[in-house]
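Inspection log for the structure reproduced underneath, given as structure tokens.
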Amino acid sequence: MFITLIDQANFEYDVNALVRSFYPGEQVRVVTPQGLEKLRLQMERDRRRERGSAGEAGQELTPSLEIHISEAGAELVYLGRPICWEYRPEEGKFKDAFKRFLYRTLSEELGTSLPWGNLTGIRPTKIAYGMLEEGKTGDEICGYLAREHYVSPRKAQLSVEIARRERELLAGVDCGQGYSLYLGIPFCPTTCLYCSFTSYPIAVYREQVDRYLDCLIREMEETAALMPHKSPTAVYIGGGTPTTLEPRQLERLLGALRERFDLGQVREFTVEAGRADSITEEKLGVLKGYGVSRISINPQTMKQQTLDLIGRRHTVEQVEEAFRLARSLGFDNINMDLILGLPGEGEADVAATLERVKALGPESLTVHSLAVKRASRLSRWILENGVQALRNTDRTMEIAEQGARELGMAPYYLYRQKNMSGNFENVGYARPGREGLYNILIMEEKQTIVACGAGTISKRVHPDGLIERSENLKEVSLYMDRPQEMLERKRKLFGDMGK
């Protein structure tokens with residue numbers, strides 16, 4: 001365990017993100033002095049439970065890194081060696097200057113750099129987008145990202161390329177006039193090894209699906225009533241896996257959507273078909289009949305051994321069959337998701353996956369870098385098998401990008417998550433005219449997102465840029481038992497939009 005002791009609680013998030021990025025194979029804990037004592041006591045209790053007896057006395061925990069912050073600067077004690085930094089006001093905001101110091105120190109001590117430098121909790125394209133709006137050139141933006149955040153030239157250029165494309169795509173969208181609508185279906189055929197989303201195995205919850213739809217449709221109805229003079233720009237039904245619903249349930253949901261919302265201004269209607277083992281001709285027929293214009297069929301990998309390991313109970317051949325079935329029914333805008341850095345996969349596996357994907361010819365490709373979430377089963381798998389089995393590299397990212405460009409695609413949106421394999425990013429690629437509008441709107445926070453369903457988050461974007469959020473309960477049973485609570489949150493957030 002790599003323990004970092006810090007005496008300023010409001011710096012914990014940024015320190016944690018940076019240290020984890022430099023130590024991807026370690027269990028990292030960032031604690032205050034009080035937290036260090038709590039951690040010691042917790043570890044002692046855990047040892048006693050494992051032994052079933054009083055156990056041994058708790059050992060002293062020695063931090064690998066200590067951080068002492070004052071108005072004058074900071075002192076790091078790294079592996080017992082003090083490193084001092086004096087703050088100069090001309091460096092800018094204190095926290096930003098401190099993050100640069102921490103990044104430089106860890107980079108020099110470990111002899112390595114990170115592709116995205118010290119960026120934590122910031123969407124890189126958001127910076128580039130804002131600077132383009134100010135009239136800055138691409139070179140100026142790349143220089144700023146390198147100077148202020150130590151972003152590599154390749155990643156800085158990627159940010160600028162995507163920000164430019166986003167601006168072009170949003171030029172014809174009146175973001176303030178409408179909103180985007182998200183509906184969450186939190187059920188899946190099985191829960192994947194890496195998943196931390198709000199999703200529940202359909203076999204266990206099958207008897208509760210109709211009741212869930214009752215609650216969701218009621219929330220949709222009450223929400224639509226809050227904004228009678230506005231129409232959605234984009235509709236996105238995600239999860240979970242929406243196509244775990246039976247055809248009659250899909251028809252009920254889509255029928256309720258059509259009845260309660262004015263869909264006349266919708267420019268994009270996406271449904272995550274997702275898992276090949278949830279897709280049937282009848283379900284796709286329902287989606288097509290209700291005007292769904294974009295679907296995702298997501299293999300994550302085309303290596304059967306990996307699919308079995310991560311708990312996706314379908315074959316590579318089923319993915320290909322589902323894709324061809326969707327094509328035969330007239331779907332001409334199909335996205336496919338891939339994950340790089342899955343257990344045991346290397347460059348040859350990624351290249352083989354891209355070859356099979358290219359043979360299918362989707363309109364867009366979303367390339368994810370595996371993110372290790374604490375709530376996922378993958379965290380436990382790593383403890384048993386070691387993080388060395390997760391290998392995402394510059395080369396695997398290049399293979400995916402090359403495959404996308406060979407399909408005539410260009411990158412159009414990007415986002416990063418905590419604990420991403422290789423400290424890389426998620427990138428959406430698409431053929432011209434097939435970009436996912438909803439993806440850009442939610443990532444760049446240019447438009448209000450109205451979200452209904454368990455575990456969803458609504459975001460209201462005000463004209464002055466202020467963003468307010470409202471979260472729905474994640475647990476399905478709680479969501480169904482407390483519908484009035486969800487509706488009251490919506491009224492607080494959106495109550496004046498209908499005036």
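The way I read the labels, and the way they are meant: chains A, B, ... in the order of the structure tokens, residue 1 as the first residue of every chain, and ligand 1 as the first ligand shown, with later ones counted on from there.
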Q: Using only C-alpha atoms, determine which residues lie at most 9 Å from Phe331 (chain A), disregarding the query and same-chain residues fewer than 4 positions distant; provide the list as number ranges by chain.
A: A: 288, 292-295, 326-327
Expected file: the selected residues, N, CA and C atoms, as a short mmCIF file (atom, residue, chain, number, x, y, z; two decimals), in the first residue's frame:
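For reference, selection_29.cif as written:
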```cif
data_model
loop_
_atom_site.label_atom_id
_atom_site.label_comp_id
_atom_site.auth_asym_id
_atom_site.auth_seq_id
_atom_site.Cartn_x
_atom_site.Cartn_y
_atom_site.Cartn_z
N LYS A 288 -36.78 0.35 -34.45
CA LYS A 288 -36.88 0.97 -35.77
C LYS A 288 -38.25 1.61 -35.95
N VAL A 292 -35.91 5.19 -33.72
CA VAL A 292 -34.54 5.21 -33.19
C VAL A 292 -33.57 5.32 -34.36
N SER A 293 -32.69 6.32 -34.32
CA SER A 293 -31.82 6.58 -35.47
C SER A 293 -30.39 6.09 -35.26
N ARG A 294 -30.04 5.77 -34.02
CA ARG A 294 -28.66 5.39 -33.73
C ARG A 294 -28.68 4.32 -32.64
N ILE A 295 -27.94 3.24 -32.83
CA ILE A 295 -27.83 2.21 -31.80
C ILE A 295 -26.37 1.86 -31.57
N ALA A 326 -29.05 -5.97 -37.52
CA ALA A 326 -29.41 -4.55 -37.45
C ALA A 326 -29.28 -3.90 -38.82
N ARG A 327 -28.24 -4.24 -39.55
CA ARG A 327 -28.06 -3.70 -40.90
C ARG A 327 -29.23 -4.11 -41.81
#
```
Q: Could you pull out the residues in region 219-373 of chain A that DSSP calls strand (DSSP E) from the backbone, as number ranges by chain?
A: A: 232-239, 268-274, 294-297, 334-340, 364-369
Write the residues you've just listed into a file as a JSON list (two decimals), in the first residue's frame, and include C-alpha atoms for each of them.
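For reference, again-v4.json as written:
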```json
[["chain", "number", "residue", "atom", "x", "y", "z"],
["A", 232, "PRO", "CA", -35.50, 17.62, -26.56],
["A", 233, "THR", "CA", -32.66, 18.03, -29.03],
["A", 234, "ALA", "CA", -31.36, 14.49, -28.44],
["A", 235, "VAL", "CA", -32.80, 11.41, -26.75],
["A", 236, "TYR", "CA", -30.53, 8.74, -25.32],
["A", 237, "ILE", "CA", -31.73, 5.51, -23.69],
["A", 238, "GLY", "CA", -28.87, 3.85, -21.83],
["A", 239, "GLY", "CA", -28.17, 1.66, -18.85],
["A", 268, "GLU", "CA", -30.67, 12.18, -32.72],
["A", 269, "PHE", "CA", -32.38, 9.23, -31.01],
["A", 270, "THR", "CA", -29.95, 6.68, -29.56],
["A", 271, "VAL", "CA", -30.61, 3.37, -27.80],
["A", 272, "GLU", "CA", -27.82, 1.28, -26.32],
["A", 273, "ALA", "CA", -28.54, -2.17, -27.71],
["A", 274, "GLY", "CA", -25.23, -3.07, -26.11],
["A", 294, "ARG", "CA", -28.66, 5.39, -33.73],
["A", 295, "ILE", "CA", -27.83, 2.21, -31.80],
["A", 296, "SER", "CA", -24.78, 0.74, -30.12],
["A", 297, "ILE", "CA", -23.73, -2.89, -30.40],
["A", 334, "ILE", "CA", -24.32, 1.85, -35.59],
["A", 335, "ASN", "CA", -21.72, 2.50, -32.91],
["A", 336, "MET", "CA", -19.44, -0.14, -31.41],
["A", 337, "ASP", "CA", -17.63, 0.17, -28.05],
["A", 338, "LEU", "CA", -14.20, -1.31, -27.41],
["A", 339, "ILE", "CA", -12.19, -1.42, -24.17],
["A", 340, "LEU", "CA", -8.39, -1.39, -24.22],
["A", 364, "SER", "CA", -18.72, 5.13, -35.16],
["A", 365, "LEU", "CA", -16.35, 3.56, -32.68],
["A", 366, "THR", "CA", -15.91, 4.46, -29.02],
["A", 367, "VAL", "CA", -12.53, 3.39, -27.67],
["A", 368, "HIS", "CA", -12.40, 3.18, -23.88],
["A", 369, "SER", "CA", -9.31, 2.82, -21.72]]
```
Q: Enumerate, as a count of residues only, the complete set of residues in region 81-312 of chain A that a backbone-based DSSP assignment places in helix (DSSP H, G or I).
A: 121
(Q) For Asp96 (chain A), find every residue with an atom within 10 Å (counting only C-alpha atoms), except residues of its own chain fewer than 6 positions away, and show them as a VMD selection string. (A) chain A and resid 14 102 118 to 119 148 to 149
Generate the output file for the selected residues, C-alpha atoms, as a tab-separated table (two decimals), in the first residue's frame.
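Generated file (out.tsv):
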```tsv
chain	number	residue	atom	x	y	z
A	14	ASP	CA	-6.04	16.10	-6.65
A	102	LEU	CA	3.81	17.66	-7.21
A	118	ASN	CA	-1.22	16.80	-14.12
A	119	LEU	CA	-4.78	17.15	-15.45
A	148	GLU	CA	0.58	24.66	-17.38
A	149	HIS	CA	-0.30	20.97	-17.28
```
List the spatial neighbours of Glu26 (chain A) as a CSV table (one decimal) with C-alpha atoms, in the first residue's frame - criterion: any atom at most 7 Å away, only C-alpha atoms, same-chain residues fewer than 3 positions off excluded.
```
chain,number,residue,atom,x,y,z
A,1,MET,CA,0.0,0.0,0.0
A,2,PHE,CA,1.3,3.4,-1.0
A,23,TYR,CA,1.5,4.2,-9.1
```
Q: List the neighbours of Ile127 (chain A) out to 9 Å using only C-alpha atoms; skip same-chain residues closer than 4 positions along the sequence, and give me the result as a ChimeraX atom specification.
A: /A:122-123,131-132,141,145,159,163
Could those selected residues go to a file with N, CA and C atoms, as a PDB file, in the first residue's frame?
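As a result, out.pdb now contains:
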```pdb
ATOM      1  N   ILE A 122     -10.496  17.430 -14.880  1.00  0.00           N
ATOM      2  CA  ILE A 122     -10.734  18.437 -15.919  1.00  0.00           C
ATOM      3  C   ILE A 122     -10.839  17.718 -17.258  1.00  0.00           C
ATOM      4  N   ARG A 123     -11.853  18.051 -18.036  1.00  0.00           N
ATOM      5  CA  ARG A 123     -11.938  17.493 -19.382  1.00  0.00           C
ATOM      6  C   ARG A 123     -10.996  18.280 -20.292  1.00  0.00           C
ATOM      7  N   MET A 131     -10.606  27.950 -25.068  1.00  0.00           N
ATOM      8  CA  MET A 131      -9.560  28.792 -25.638  1.00  0.00           C
ATOM      9  C   MET A 131      -9.819  29.094 -27.112  1.00  0.00           C
ATOM     10  N   LEU A 132     -10.411  28.133 -27.841  1.00  0.00           N
ATOM     11  CA  LEU A 132     -10.805  28.415 -29.222  1.00  0.00           C
ATOM     12  C   LEU A 132     -11.875  29.496 -29.253  1.00  0.00           C
ATOM     13  N   ILE A 141      -2.853  26.949 -27.829  1.00  0.00           N
ATOM     14  CA  ILE A 141      -3.514  26.019 -26.904  1.00  0.00           C
ATOM     15  C   ILE A 141      -2.570  24.887 -26.523  1.00  0.00           C
ATOM     16  N   LEU A 145      -1.252  23.958 -22.718  1.00  0.00           N
ATOM     17  CA  LEU A 145      -1.430  22.641 -22.101  1.00  0.00           C
ATOM     18  C   LEU A 145      -0.093  22.034 -21.688  1.00  0.00           C
ATOM     19  N   SER A 159      -6.629  17.056 -28.328  1.00  0.00           N
ATOM     20  CA  SER A 159      -7.625  17.916 -27.679  1.00  0.00           C
ATOM     21  C   SER A 159      -8.083  19.025 -28.618  1.00  0.00           C
ATOM     22  N   ALA A 163     -11.808  19.537 -30.123  1.00  0.00           N
ATOM     23  CA  ALA A 163     -12.517  20.772 -29.763  1.00  0.00           C
ATOM     24  C   ALA A 163     -12.981  21.507 -31.026  1.00  0.00           C
TER      25      ALA A 163
END
```
As an mmCIF file with C-alpha atoms, in the first residue's frame, please: the residues near region 4-12 of chain A (cut-off 8 Å, only C-alpha atoms, same-chain neighbours under 6 positions excluded).
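Here's the written file part_27.cif:
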```
data_model
loop_
_atom_site.group_PDB
_atom_site.id
_atom_site.type_symbol
_atom_site.label_atom_id
_atom_site.label_comp_id
_atom_site.auth_asym_id
_atom_site.auth_seq_id
_atom_site.Cartn_x
_atom_site.Cartn_y
_atom_site.Cartn_z
ATOM 1 C CA VAL A 28 -3.028 4.145 -2.950
ATOM 2 C CA ARG A 29 -4.455 5.855 0.136
ATOM 3 C CA VAL A 30 -4.316 9.601 0.732
ATOM 4 C CA VAL A 31 -5.071 10.462 4.351
ATOM 5 C CA THR A 32 -4.892 13.289 6.849
ATOM 6 C CA PRO A 33 -3.207 12.610 10.233
ATOM 7 C CA LEU A 36 -3.955 7.665 9.161
ATOM 8 C CA PRO A 63 3.676 6.988 4.738
ATOM 9 C CA SER A 64 5.702 6.728 1.536
ATOM 10 C CA LEU A 65 4.921 10.371 0.841
ATOM 11 C CA GLU A 66 4.215 13.191 3.278
ATOM 12 C CA ILE A 67 2.893 16.559 2.144
ATOM 13 C CA HIS A 68 2.977 19.616 4.387
ATOM 14 C CA ILE A 69 1.316 22.708 2.922
ATOM 15 C CA LYS A 95 -3.562 24.809 -5.957
#
```
Hey, could you make a per-residue contact list for region 120-221 of chain A against region 437-459 of chain A with 6 Å as the cut-off, showing the nearest pair of atoms and its distance in Å to one decimal, counting only C-alpha atoms, sorted by chain and number, as JSON lines?
```
{"residue": "A:Cys175", "atom": "CA", "partner": "A:Gln447", "partner_atom": "CA", "distance": 5.1}
{"residue": "A:Tyr179", "atom": "CA", "partner": "A:Thr448", "partner_atom": "CA", "distance": 5.0}
{"residue": "A:Ser180", "atom": "CA", "partner": "A:Ile449", "partner_atom": "CA", "distance": 4.9}
{"residue": "A:Leu181", "atom": "CA", "partner": "A:Val450", "partner_atom": "CA", "distance": 4.9}
{"residue": "A:Tyr182", "atom": "CA", "partner": "A:Ala451", "partner_atom": "CA", "distance": 4.6}
{"residue": "A:Leu183", "atom": "CA", "partner": "A:Cys452", "partner_atom": "CA", "distance": 5.0}
{"residue": "A:Gly184", "atom": "CA", "partner": "A:Gly453", "partner_atom": "CA", "distance": 4.8}
{"residue": "A:Thr198", "atom": "CA", "partner": "A:Gly455", "partner_atom": "CA", "distance": 5.9}
{"residue": "A:Leu216", "atom": "CA", "partner": "A:Gly453", "partner_atom": "CA", "distance": 5.6}
```
